[in-house]
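See below for input.tsv, which holds TSV, C-alpha atoms.
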chain	number	residue	atom	x	y	z
Q	10	MET	CA	42.19	-75.60	-13.77
Q	11	ILE	CA	39.06	-73.49	-14.11
Q	12	ALA	CA	36.15	-74.39	-16.40
Q	13	VAL	CA	34.50	-71.66	-18.42
Q	14	VAL	CA	31.11	-72.86	-19.62
Q	15	GLY	CA	28.46	-71.18	-21.72
Q	16	PRO	CA	26.42	-71.37	-24.89
Q	17	GLY	CA	28.08	-72.39	-28.12
Q	18	ASP	CA	25.96	-69.99	-30.12
Q	19	PRO	CA	25.32	-66.79	-28.15
Q	20	THR	CA	24.48	-63.73	-30.18
Q	21	ASP	CA	24.97	-61.18	-27.40
Q	22	PRO	CA	28.30	-59.41	-27.96
Q	23	ILE	CA	28.39	-58.46	-24.25
Q	24	VAL	CA	28.39	-62.15	-23.28
Q	25	LEU	CA	31.14	-62.97	-25.79
Q	26	ALA	CA	33.29	-60.03	-24.65
Q	27	ALA	CA	32.80	-61.07	-21.01
Q	28	ALA	CA	33.84	-64.65	-21.80
Q	29	GLU	CA	36.96	-63.46	-23.58
Q	30	GLN	CA	37.90	-61.21	-20.66
Q	31	VAL	CA	37.32	-64.07	-18.21
Q	32	GLY	CA	39.79	-66.13	-20.24
Q	33	VAL	CA	42.35	-63.32	-20.15
Q	34	LEU	CA	41.99	-62.82	-16.41
Q	35	LEU	CA	42.22	-66.53	-15.65
Q	36	ALA	CA	45.40	-66.92	-17.72
Q	37	GLU	CA	46.94	-63.81	-16.17
Q	38	ALA	CA	46.24	-65.31	-12.74
Q	39	GLY	CA	48.04	-68.51	-13.76
Q	40	HIS	CA	45.01	-70.77	-14.21
Q	41	GLN	CA	44.58	-73.29	-17.00
Q	42	VAL	CA	41.21	-73.03	-18.74
Q	43	VAL	CA	39.00	-75.96	-19.74
Q	44	THR	CA	35.96	-75.56	-22.00
Q	45	GLY	CA	33.71	-77.66	-24.18
Q	46	GLY	CA	36.04	-76.74	-27.04
Q	47	LEU	CA	33.55	-75.44	-29.59
Q	48	GLY	CA	32.32	-71.94	-30.53
Q	49	GLY	CA	30.56	-69.09	-28.78
Q	50	VAL	CA	31.48	-68.62	-25.12
Q	51	MET	CA	33.88	-71.57	-25.30
Q	52	ALA	CA	35.86	-70.04	-28.18
Q	53	ALA	CA	35.78	-66.55	-26.68
Q	54	ALA	CA	37.16	-67.73	-23.31
Q	55	SER	CA	39.76	-69.85	-25.10
Q	56	ARG	CA	40.81	-66.92	-27.29
Q	57	GLY	CA	41.17	-64.69	-24.23
Q	58	ALA	CA	43.21	-67.25	-22.28
Q	59	LYS	CA	45.45	-67.97	-25.26
Q	60	SER	CA	46.04	-64.25	-25.92
Q	61	ALA	CA	47.29	-63.91	-22.33
Q	62	GLY	CA	49.67	-66.87	-22.63
Q	63	GLY	CA	47.40	-69.40	-20.93
Q	64	ILE	CA	46.87	-73.11	-21.52
Q	65	VAL	CA	43.49	-74.15	-22.96
Q	66	VAL	CA	41.98	-77.64	-22.74
Q	67	ALA	CA	39.03	-78.52	-25.01
Q	68	MET	CA	36.68	-81.39	-24.10
Q	69	LEU	CA	34.74	-82.03	-27.29
Q	70	PRO	CA	31.36	-83.76	-27.48
Q	71	GLY	CA	32.25	-85.62	-30.69
Q	72	ASP	CA	34.96	-87.91	-31.99
Q	73	ASP	CA	36.69	-85.45	-34.33
Q	74	PRO	CA	39.58	-83.50	-32.75
Q	75	SER	CA	39.57	-81.06	-35.68
Q	76	ALA	CA	36.19	-79.74	-34.45
Q	77	ALA	CA	37.95	-77.89	-31.61
Q	78	ASN	CA	38.26	-74.14	-31.80
Q	79	GLU	CA	41.66	-72.90	-32.95
Q	80	PHE	CA	42.76	-71.77	-29.48
Q	81	ALA	CA	42.91	-75.20	-27.81
Q	82	ASP	CA	46.29	-76.53	-26.70
Q	83	VAL	CA	44.99	-79.91	-25.58
Q	84	VAL	CA	42.02	-81.52	-27.33
Q	85	VAL	CA	40.05	-84.45	-25.91
Q	86	ALA	CA	37.51	-85.82	-28.39
Q	87	THR	CA	35.25	-87.63	-25.91
Q	88	GLY	CA	32.57	-88.99	-28.23
Q	89	LEU	CA	30.14	-88.54	-25.33
Q	90	GLY	CA	27.86	-85.84	-26.74
Q	91	GLN	CA	26.41	-83.72	-23.94
Q	92	GLY	CA	27.89	-86.22	-21.47
Q	93	ARG	CA	31.17	-84.39	-21.97
Q	94	ASN	CA	29.70	-81.65	-19.76
Q	95	VAL	CA	30.46	-83.88	-16.77
Q	96	LEU	CA	34.11	-84.19	-17.83
Q	97	VAL	CA	34.47	-80.44	-18.29
Q	98	VAL	CA	33.32	-79.60	-14.77
Q	99	ARG	CA	34.84	-82.68	-13.12
Q	100	SER	CA	38.28	-81.74	-14.45
Q	101	ALA	CA	38.04	-78.23	-12.98
Q	102	ASP	CA	38.61	-76.85	-9.50
Q	103	ALA	CA	35.87	-74.24	-10.06
Q	104	VAL	CA	33.45	-73.14	-12.78
Q	105	ILE	CA	32.64	-69.75	-14.26
Q	106	ALA	CA	29.43	-69.87	-16.31
Q	107	VAL	CA	29.02	-67.06	-18.85
Q	108	GLY	CA	25.65	-66.54	-20.50
Q	109	GLY	CA	22.74	-68.91	-20.28
Q	110	SER	CA	21.55	-72.03	-22.07
Q	111	TRP	CA	20.19	-75.43	-21.09
Q	112	GLY	CA	23.60	-77.00	-21.63
Q	113	THR	CA	25.19	-74.36	-19.41
Q	114	LEU	CA	22.57	-75.04	-16.74
Q	115	SER	CA	23.42	-78.74	-16.87
Q	116	GLU	CA	27.10	-77.95	-16.31
Q	117	VAL	CA	26.27	-75.67	-13.39
Q	118	ALA	CA	24.05	-78.38	-11.87
Q	119	VAL	CA	26.69	-81.10	-12.24
Q	120	ALA	CA	29.37	-78.82	-10.81
Q	121	ARG	CA	27.22	-78.07	-7.76
Q	122	ARG	CA	26.48	-81.80	-7.29
Q	123	LEU	CA	30.24	-82.45	-7.38
Q	124	GLY	CA	30.88	-79.70	-4.84
Q	125	ARG	CA	32.69	-77.45	-7.29
Q	126	PRO	CA	32.41	-73.70	-6.66
Q	127	VAL	CA	30.38	-71.99	-9.39
Q	128	VAL	CA	29.73	-68.34	-10.24
Q	129	TRP	CA	27.45	-67.20	-13.05
Q	130	LEU	CA	28.20	-64.11	-15.16
Q	131	HIS	CA	25.40	-62.71	-17.38
Q	132	GLY	CA	23.43	-65.89	-16.74
Q	133	TRP	CA	20.40	-67.25	-14.99
Q	134	ALA	CA	19.51	-66.85	-11.33
Q	135	VAL	CA	19.47	-70.34	-9.80
Q	136	ASP	CA	18.18	-71.01	-6.31
Q	137	GLY	CA	19.01	-74.45	-5.02
Q	138	PRO	CA	17.30	-76.21	-2.13
Q	139	THR	CA	19.86	-74.91	0.36
Q	140	ASP	CA	21.76	-72.20	-1.47
Q	141	ARG	CA	21.91	-69.91	-4.47
Q	142	VAL	CA	24.43	-69.99	-7.29
Q	143	PRO	CA	26.29	-66.69	-6.90
Q	144	THR	CA	26.25	-64.25	-9.78
Q	145	ALA	CA	28.70	-61.62	-10.95
Q	146	ASP	CA	28.16	-58.49	-13.02
Q	147	THR	CA	31.65	-58.27	-14.55
Q	148	PRO	CA	34.53	-60.61	-15.40
Q	149	GLU	CA	36.58	-58.91	-12.68
Q	150	ALA	CA	33.84	-59.60	-10.11
Q	151	ALA	CA	33.74	-63.26	-11.17
Q	152	LEU	CA	37.52	-63.52	-10.67
Q	153	HIS	CA	37.25	-61.71	-7.34
Q	154	TRP	CA	34.65	-64.27	-6.25
Q	155	LEU	CA	36.97	-67.07	-7.38
Q	156	THR	CA	39.91	-65.66	-5.46
Q	157	ALA	CA	37.81	-65.14	-2.32
Q	158	THR	CA	36.40	-68.68	-2.58
Q	159	PHE	CA	39.83	-70.30	-2.81
Q	160	SER	CA	41.33	-68.16	-0.06
Q	161	ALA	CA	38.45	-69.13	2.25
Q	162	GLU	CA	39.07	-72.86	1.76
Target format structure tokens, applied to this file:
Amino acid sequence: MIAVVGPGDPTDPIVLAAAEQVGVLLAEAGHQVVTGGLGGVMAAASRGAKSAGGIVVAMLPGDDPSAANEFADVVVATGLGQGRNVLVVRSADAVIAVGGSWGTLSEVAVARRLGRPVVWLHGWAVDGPTDRVPTADTPEAALHWLTATFSAE
């Protein structure tokens, strides 16, 4: 399972198109996709995965399962607010962040603390104390990074 994280309200059509293509590519490669289940990047990645026959898991911040975007196959209404970010990245083998927001940064930070591989597409440059979060310029480059990371392990 791969997490796709990003802002719920991005206005940049390039970011939304990239998130949708990431979803398509992940599903075509046989990965399940987990997101925060709401709009923006989360809905775009879910739509892409669903259109390619993938399975989409939505980890919602609230208690209402009907708040999930229409592309979710499995909905978990956590009731944890932003705390659900931990569940999203903890349930994944790796994380692809698309776009930038403070919530996305929190997911990237938690993923790194948990030792999950993370790549950022159209996001922020983040230098950690001992390493840098890798970035990608295209959805295909993000998937290439993912494939290379798993084949190296």
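Residues of protein, DNA and RNA with at least one atom no farther than 6 Å from (27.4, -85.5, -31.3) are, using only C-alpha atoms, Pro70, Gly71 and Gly90 of chain Q.
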Sorted by chain and rising residue number, list the residues of stretch 11-128 of chain Q at most 7 Å from stretch 141-157 of chain Q (counting only C-alpha atoms), each with its closest atom pair and distance in Å to one decimal, as JSON lines.
{"residue": "Q:Ala27", "atom": "CA", "partner": "Q:Pro148", "partner_atom": "CA", "distance": 5.9}
{"residue": "Q:Gln30", "atom": "CA", "partner": "Q:Pro148", "partner_atom": "CA", "distance": 6.3}
{"residue": "Q:Val31", "atom": "CA", "partner": "Q:Pro148", "partner_atom": "CA", "distance": 5.3}
{"residue": "Q:Val127", "atom": "CA", "partner": "Q:Val142", "partner_atom": "CA", "distance": 6.6}
{"residue": "Q:Val128", "atom": "CA", "partner": "Q:Pro143", "partner_atom": "CA", "distance": 5.1}
Rank nothing, just name the residue among Q:Gly32, Q:Ala53, Q:Ala77, Q:Ala67 nearest to Q:Ser100, using all atoms listed in the file.
Q:Ala67
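The gap separating atom CA of Q:Ser55 from atom CA of Q:Val84 is 12.1 Å, in Å to one decimal.
Of the residues listed (Q:Gly15, Q:Pro22, Q:Gly109, Q:Gly46), Q:Gly46 shows the shortest atom-to-atom separation from Q:Pro74; distances use all atoms listed in the file.
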Would you list the residues near (37.6, -72.6, -27.8) (no more than 9 Å away, in the coordinates of the file, using only C-alpha atoms) as a PDB file with C-alpha atoms, in the frame of the given file?
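Below is the file out09.pdb, written as the result:
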ATOM      1  CA  VAL Q  43      39.000 -75.960 -19.740  1.00  0.00           C
ATOM      2  CA  THR Q  44      35.960 -75.560 -22.000  1.00  0.00           C
ATOM      3  CA  GLY Q  45      33.710 -77.660 -24.180  1.00  0.00           C
ATOM      4  CA  GLY Q  46      36.040 -76.740 -27.040  1.00  0.00           C
ATOM      5  CA  LEU Q  47      33.550 -75.440 -29.590  1.00  0.00           C
ATOM      6  CA  GLY Q  48      32.320 -71.940 -30.530  1.00  0.00           C
ATOM      7  CA  GLY Q  49      30.560 -69.090 -28.780  1.00  0.00           C
ATOM      8  CA  VAL Q  50      31.480 -68.620 -25.120  1.00  0.00           C
ATOM      9  CA  MET Q  51      33.880 -71.570 -25.300  1.00  0.00           C
ATOM     10  CA  ALA Q  52      35.860 -70.040 -28.180  1.00  0.00           C
ATOM     11  CA  ALA Q  53      35.780 -66.550 -26.680  1.00  0.00           C
ATOM     12  CA  ALA Q  54      37.160 -67.730 -23.310  1.00  0.00           C
ATOM     13  CA  SER Q  55      39.760 -69.850 -25.100  1.00  0.00           C
ATOM     14  CA  ARG Q  56      40.810 -66.920 -27.290  1.00  0.00           C
ATOM     15  CA  VAL Q  65      43.490 -74.150 -22.960  1.00  0.00           C
ATOM     16  CA  VAL Q  66      41.980 -77.640 -22.740  1.00  0.00           C
ATOM     17  CA  ALA Q  67      39.030 -78.520 -25.010  1.00  0.00           C
ATOM     18  CA  ALA Q  77      37.950 -77.890 -31.610  1.00  0.00           C
ATOM     19  CA  ASN Q  78      38.260 -74.140 -31.800  1.00  0.00           C
ATOM     20  CA  GLU Q  79      41.660 -72.900 -32.950  1.00  0.00           C
ATOM     21  CA  PHE Q  80      42.760 -71.770 -29.480  1.00  0.00           C
ATOM     22  CA  ALA Q  81      42.910 -75.200 -27.810  1.00  0.00           C
TER      23      ALA Q  81
END
Min atom-atom distance to Q:Arg99 from the set Q:Val42, Q:Val14, Q:Leu123, Q:Leu25, counting all atoms listed in the file, belongs to Q:Leu123
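Using all atoms listed in the file, the smallest distance between any of Q:Phe159, Q:Thr20, Q:Ala36, Q:Asp73 and Q:Ala61 comes from Q:Ala36.
Distance check against Q:Ala58 using all atoms listed in the file: of Q:Ile11, Q:Ala86, Q:Leu130, Q:Val97, the minimum falls on Q:Ile11.
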So that I can see what lies close to Q:Trp111, please list as a PyMOL selection string the residues with an atom at most 9 Å from it, counting only C-alpha atoms and leaving out residues fewer than 4 positions away in the same chain.
chain Q and resi 16+115-116
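Minimum atom-to-atom distances from Q:Ala103, Q:Met10, Q:Pro19, Q:Gly108 to Q:Gly39 were compared using only C-alpha atoms, and the lowest value belongs to Q:Met10.
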Between atom CA of Q:Leu34 and atom CA of Q:Pro126, what is the distance, to one decimal in Å?
17.5 Å
Atom CA of Q:Ala101 sits from atom CA of Q:Met68 at a separation of 11.6 Å
